[in-house]
$ cat entry-v6.txt   # compact mmCIF, C-alpha atoms
# COMPACT_ATOMS: atom_id res chain seq x y z
CA MET A 1 0.00 0.00 0.00
CA ARG A 2 1.33 3.45 -0.86
CA ARG A 3 1.54 6.18 1.77
CA THR A 4 -1.33 8.35 0.51
CA PRO A 5 -3.97 5.59 0.61
CA ALA A 6 -2.50 4.44 3.93
CA ALA A 7 -2.80 7.98 5.32
CA VAL A 8 -6.39 8.33 4.13
CA GLY A 9 -7.39 4.94 5.54
CA THR A 10 -5.60 5.64 8.81
CA THR A 11 -7.33 9.01 9.16
CA ILE A 12 -10.74 7.43 8.59
CA PHE A 13 -9.99 4.65 11.08
CA PHE A 14 -8.72 7.25 13.60
CA ALA A 15 -12.06 9.08 13.43
CA LEU A 16 -14.10 5.87 13.65
CA ALA A 17 -12.29 3.79 16.29
CA PRO A 18 -10.57 5.99 18.88
CA GLY A 19 -12.84 8.87 17.90
CA THR A 20 -15.79 6.78 19.05
CA VAL A 21 -14.20 5.07 22.06
CA ALA A 22 -12.36 8.11 23.49
CA GLY A 23 -14.58 10.87 22.11
CA LEU A 24 -18.16 10.08 21.18
CA LEU A 25 -18.95 7.52 23.90
CA PRO A 26 -17.43 9.55 26.79
CA TRP A 27 -19.42 12.54 25.52
CA TRP A 28 -22.57 10.43 25.35
CA ILE A 29 -21.99 9.26 28.94
CA THR A 30 -21.17 12.70 30.38
CA ARG A 31 -22.27 15.33 27.83
CA TRP A 32 -18.96 16.89 28.98
CA GLU A 33 -20.73 18.09 32.12
CA VAL A 34 -18.30 18.73 34.96
CA GLY A 35 -18.92 16.83 38.16
CA ASP A 36 -17.30 16.78 41.57
CA LEU A 37 -14.91 13.85 41.86
CA LEU A 38 -14.19 14.37 45.56
CA PRO A 39 -16.91 16.64 46.99
CA SER A 40 -15.45 16.90 50.50
CA ALA A 41 -11.83 17.41 49.39
CA PRO A 42 -10.13 20.82 49.48
CA SER A 43 -10.41 22.77 46.24
CA TRP A 44 -6.65 22.52 45.58
CA ILE A 45 -6.96 18.73 45.38
CA ALA A 46 -9.79 18.97 42.84
CA ALA A 47 -7.80 21.51 40.83
CA SER A 48 -4.73 19.25 40.94
CA LEU A 49 -6.75 16.27 39.74
CA ARG A 50 -8.14 18.35 36.88
CA LEU A 51 -4.59 19.34 35.88
CA VAL A 52 -3.48 15.71 35.94
CA GLY A 53 -6.56 14.85 33.87
CA ALA A 54 -5.76 17.54 31.31
CA ALA A 55 -2.17 16.28 31.10
CA LEU A 56 -3.39 12.70 30.54
CA VAL A 57 -5.78 13.81 27.78
CA LEU A 58 -3.08 15.85 26.03
CA ALA A 59 -0.36 13.21 26.41
CA GLY A 60 -2.72 10.41 25.37
CA THR A 61 -3.79 12.36 22.30
CA ALA A 62 -0.18 13.04 21.30
CA VAL A 63 0.73 9.35 21.75
CA LEU A 64 -2.33 8.27 19.77
CA VAL A 65 -1.55 10.55 16.83
CA ARG A 66 2.12 9.50 16.79
CA ALA A 67 1.17 5.82 16.88
CA PHE A 68 -1.25 6.23 13.98
CA VAL A 69 1.34 8.13 11.94
CA ARG A 70 3.84 5.32 12.57
CA PHE A 71 1.47 2.85 10.88
CA VAL A 72 1.54 4.97 7.72
CA VAL A 73 5.26 5.83 7.71
CA GLU A 74 6.81 2.58 8.89
CA GLY A 75 4.12 0.00 8.26
CA LEU A 76 2.77 1.30 4.94
CA GLY A 77 -0.74 0.45 6.01
CA THR A 78 -3.42 1.22 8.56
CA PRO A 79 -4.37 0.01 12.03
CA ALA A 80 -7.68 -1.21 10.56
CA PRO A 81 -7.84 -5.00 10.22
CA ILE A 82 -9.21 -4.63 6.66
CA ALA A 83 -6.09 -2.72 5.48
CA PRO A 84 -3.16 -3.97 7.59
CA THR A 85 0.45 -2.87 7.36
CA GLU A 86 2.96 -4.40 4.97
CA HIS A 87 5.73 -4.21 7.57
CA LEU A 88 5.78 -4.99 11.28
CA VAL A 89 5.70 -1.67 13.15
CA VAL A 90 8.35 -1.70 15.89
CA GLY A 91 9.74 1.86 15.80
CA GLY A 92 8.80 5.03 17.63
CA LEU A 93 6.50 4.37 20.55
CA TYR A 94 6.15 0.74 19.47
CA ALA A 95 9.76 0.23 20.55
CA HIS A 96 8.59 0.82 24.13
CA VAL A 97 5.14 -0.82 24.27
CA ARG A 98 3.31 -3.10 21.84
CA ASN A 99 -0.06 -1.40 22.22
CA PRO A 100 0.51 2.36 22.46
CA MET A 101 -2.81 3.15 20.77
CA TYR A 102 -4.84 1.30 23.37
CA VAL A 103 -2.73 2.65 26.23
CA ALA A 104 -3.25 6.16 24.84
CA VAL A 105 -7.02 5.71 24.51
CA PHE A 106 -7.30 4.53 28.12
CA SER A 107 -5.10 7.43 29.24
CA ILE A 108 -7.42 9.85 27.44
CA ILE A 109 -10.50 8.34 29.09
CA ALA A 110 -8.88 8.35 32.56
CA GLY A 111 -7.83 11.94 31.94
CA GLN A 112 -11.38 12.87 31.00
CA ALA A 113 -12.63 11.27 34.23
CA LEU A 114 -10.25 13.43 36.28
CA LEU A 115 -10.68 16.57 34.21
CA LEU A 116 -14.48 16.39 34.31
CA GLY A 117 -14.67 14.93 37.80
CA ARG A 118 -16.73 12.02 36.46
CA PRO A 119 -15.76 8.63 37.96
CA VAL A 120 -18.28 6.90 35.66
CA LEU A 121 -15.64 7.29 32.94
CA LEU A 122 -13.22 5.15 34.98
CA LEU A 123 -15.88 2.43 35.06
CA TYR A 124 -16.38 2.89 31.31
CA ALA A 125 -12.60 2.50 30.76
CA ALA A 126 -12.51 -0.68 32.85
CA VAL A 127 -15.49 -2.21 31.05
CA THR A 128 -14.03 -1.22 27.66
CA ALA A 129 -10.67 -2.76 28.55
CA VAL A 130 -12.15 -6.28 28.69
CA PRO A 131 -13.04 -6.61 24.98
CA VAL A 132 -9.95 -4.64 23.95
CA VAL A 133 -7.56 -6.95 25.79
CA ALA A 134 -9.47 -9.98 24.47
CA PHE A 135 -9.26 -8.60 20.91
CA VAL A 136 -5.49 -8.11 21.24
CA ARG A 137 -4.93 -11.54 22.75
CA TRP A 138 -7.17 -13.65 20.53
CA TYR A 139 -7.21 -11.72 17.25
CA GLU A 140 -4.32 -9.28 16.81
CA GLU A 141 -1.52 -11.36 18.28
CA PRO A 142 -2.34 -14.55 16.28
CA ILE A 143 -2.63 -12.50 13.06
CA LEU A 144 0.71 -10.80 13.72
CA ARG A 145 2.31 -14.17 14.54
CA ARG A 146 1.05 -15.67 11.26
CA THR A 147 1.94 -12.60 9.18
CA PHE A 148 5.37 -11.70 10.58
CA GLY A 149 6.48 -14.98 12.19
CA ALA A 150 9.82 -14.96 14.00
CA ASP A 151 10.15 -11.16 13.73
CA TYR A 152 6.94 -10.72 15.69
CA GLU A 153 7.90 -13.41 18.22
CA ARG A 154 11.23 -11.64 18.95
CA TYR A 155 9.42 -8.31 19.24
CA ARG A 156 6.71 -9.76 21.49
CA ALA A 157 9.31 -11.37 23.76
CA ALA A 158 11.24 -8.09 24.12
CA VAL A 159 8.50 -5.45 24.34
CA PRO A 160 5.71 -5.48 26.94
CA GLY A 161 2.13 -5.23 25.75
CA TRP A 162 0.71 -2.72 28.19
CA TRP A 163 3.38 -1.08 30.35
CA PRO A 164 6.09 0.82 28.43
CA ARG A 165 9.70 -0.20 28.84
CA PRO A 166 12.15 2.68 29.41
CA ARG A 167 14.71 1.67 26.79
CA ALA A 168 13.73 1.29 23.17
CA TYR A 169 13.65 -2.12 21.52
CA ARG A 170 16.23 -2.50 18.76
CA PRO A 171 15.52 -5.37 16.36

$ encode --input "entry-v6.txt" --output "structure tokens"
Amino acid sequence: MRRTPAAVGTTIFFALAPGTVAGLLPWWITRWEVGDLLPSAPSWIAASLRLVGAALVLAGTAVLVRAFVRFVVEGLGTPAPIAPTEHLVVGGLYAHVRNPMYVAVFSIIAGQALLLGRPVLLLYAAVTAVPVVAFVRWYEEPILRRTFGADYERYRAAVPGWWPRPRAYRP
């Protein structure tokens, strides 16, 4: 796949998948109405939690965009199962964690929960994590194993799935 079609497909998938999971559904749950996470806590604690939430939303968004771009630049494909990459993506953030997109989406949702003071979003993130982790384990990993064989096995053995490693993986 050439870069332009990969970029178009990746942009569409970005809007549909994380746009729905980290944007549309949290909005539907909260209507972006601000709540009070800890009603009896001093105001400086609430303000601090909102700052942490904003940082998580911004950092998660930056990670998500970088991870999607990596699929186009390095993989010559998209994250969508119907238009996969031609090359195993192991550079950039993928050199630190195998699933930076999912980690970023959950960071965004947790950040929204803190920023808006809406703990229901933490429950939403936990419930959403179950099918996501199952999808990775029983769909993505077997496909990657079949498609990229020993390269994927070496990568999988060296790079954690969900908690980033400090030093980058070098194939």

$ residues_around --input "entry-v6.txt" --residues "stretch 105-121 of chain A" --least-positions-apart "2" --cutoff "6 Å" --atoms "only C-alpha atoms" --output "list of chain:residue names"
A:Ala22, A:Val34, A:Gly35, A:Asp36, A:Leu37, A:Leu49, A:Arg50, A:Gly53, A:Ala54, A:Leu56, A:Val57, A:Gly60, A:Tyr102, A:Val103, A:Leu123, A:Tyr124

$ closest_residue --input "entry-v6.txt" --among "A:Pro84, A:Pro18, A:Pro42, A:Pro100" --to "A:Thr147" --atoms "all atoms listed in the file"
A:Pro84

$ residues_around --input "entry-v6.txt" --residues "A:Leu76" --least-positions-apart "5" --cutoff "8 Å" --atoms "only C-alpha atoms" --output "ChimeraX atom specification"
/A:1-3,6,71,85-87

$ atom_distance --input "entry-v6.txt" --atom1 "atom CA of A:Trp32" --atom2 "atom CA of A:Thr128"
18.8 Å

$ closest_residue --input "entry-v6.txt" --among "A:Tyr152, A:Tyr169, A:Tyr139, A:Phe68" --to "A:Met101" --atoms "all atoms listed in the file"
A:Phe68

$ atom_distance --input "entry-v6.txt" --atom1 "atom CA of A:Arg70" --atom2 "atom CA of A:Val90"
9.0 Å

$ closest_residue --input "entry-v6.txt" --among "A:Leu51, A:Glu74, A:Asn99, A:Pro5" --to "A:Val133" --atoms "only C-alpha atoms"
A:Asn99

$ closest_residue --input "entry-v6.txt" --among "A:Pro81, A:Ala47, A:Arg165, A:Val89" --to "A:Ala67" --atoms "only C-alpha atoms"
A:Val89

$ residues_around --input "entry-v6.txt" --residues "A:Ala157" --least-positions-apart "3" --cutoff "12 Å" --atoms "all atoms listed in the file" --output "ChimeraX atom specification"
/A:97-98,145,150-154,160-161,169,171

$ write_last_selection --input "entry-v6.txt" --atoms "C-alpha atoms" --output "PDB file, in the coordinates of the input"
ATOM      1  CA  VAL A  97       5.140  -0.820  24.270  1.00  0.00           C
ATOM      2  CA  ARG A  98       3.310  -3.100  21.840  1.00  0.00           C
ATOM      3  CA  ARG A 145       2.310 -14.170  14.540  1.00  0.00           C
ATOM      4  CA  ALA A 150       9.820 -14.960  14.000  1.00  0.00           C
ATOM      5  CA  ASP A 151      10.150 -11.160  13.730  1.00  0.00           C
ATOM      6  CA  TYR A 152       6.940 -10.720  15.690  1.00  0.00           C
ATOM      7  CA  GLU A 153       7.900 -13.410  18.220  1.00  0.00           C
ATOM      8  CA  ARG A 154      11.230 -11.640  18.950  1.00  0.00           C
ATOM      9  CA  PRO A 160       5.710  -5.480  26.940  1.00  0.00           C
ATOM     10  CA  GLY A 161       2.130  -5.230  25.750  1.00  0.00           C
ATOM     11  CA  TYR A 169      13.650  -2.120  21.520  1.00  0.00           C
ATOM     12  CA  PRO A 171      15.520  -5.370  16.360  1.00  0.00           C
TER      13      PRO A 171
END

$ atom_distance --input "entry-v6.txt" --atom1 "atom CA of A:Ala41" --atom2 "atom CA of A:Trp28"
27.2 Å

$ closest_residue --input "entry-v6.txt" --among "A:Trp162, A:Trp27, A:Trp44, A:Tyr155" --to "A:Val136" --atoms "all atoms listed in the file"
A:Trp162

$ residues_around --input "entry-v6.txt" --residues "A:Ala168" --least-positions-apart "6" --cutoff "10 Å" --atoms "all atoms listed in the file" --output "list in words"
Val90, Gly91, Gly92, Leu93, Tyr94, Ala95, His96, Val97, Ala158 and Val159 of chain A
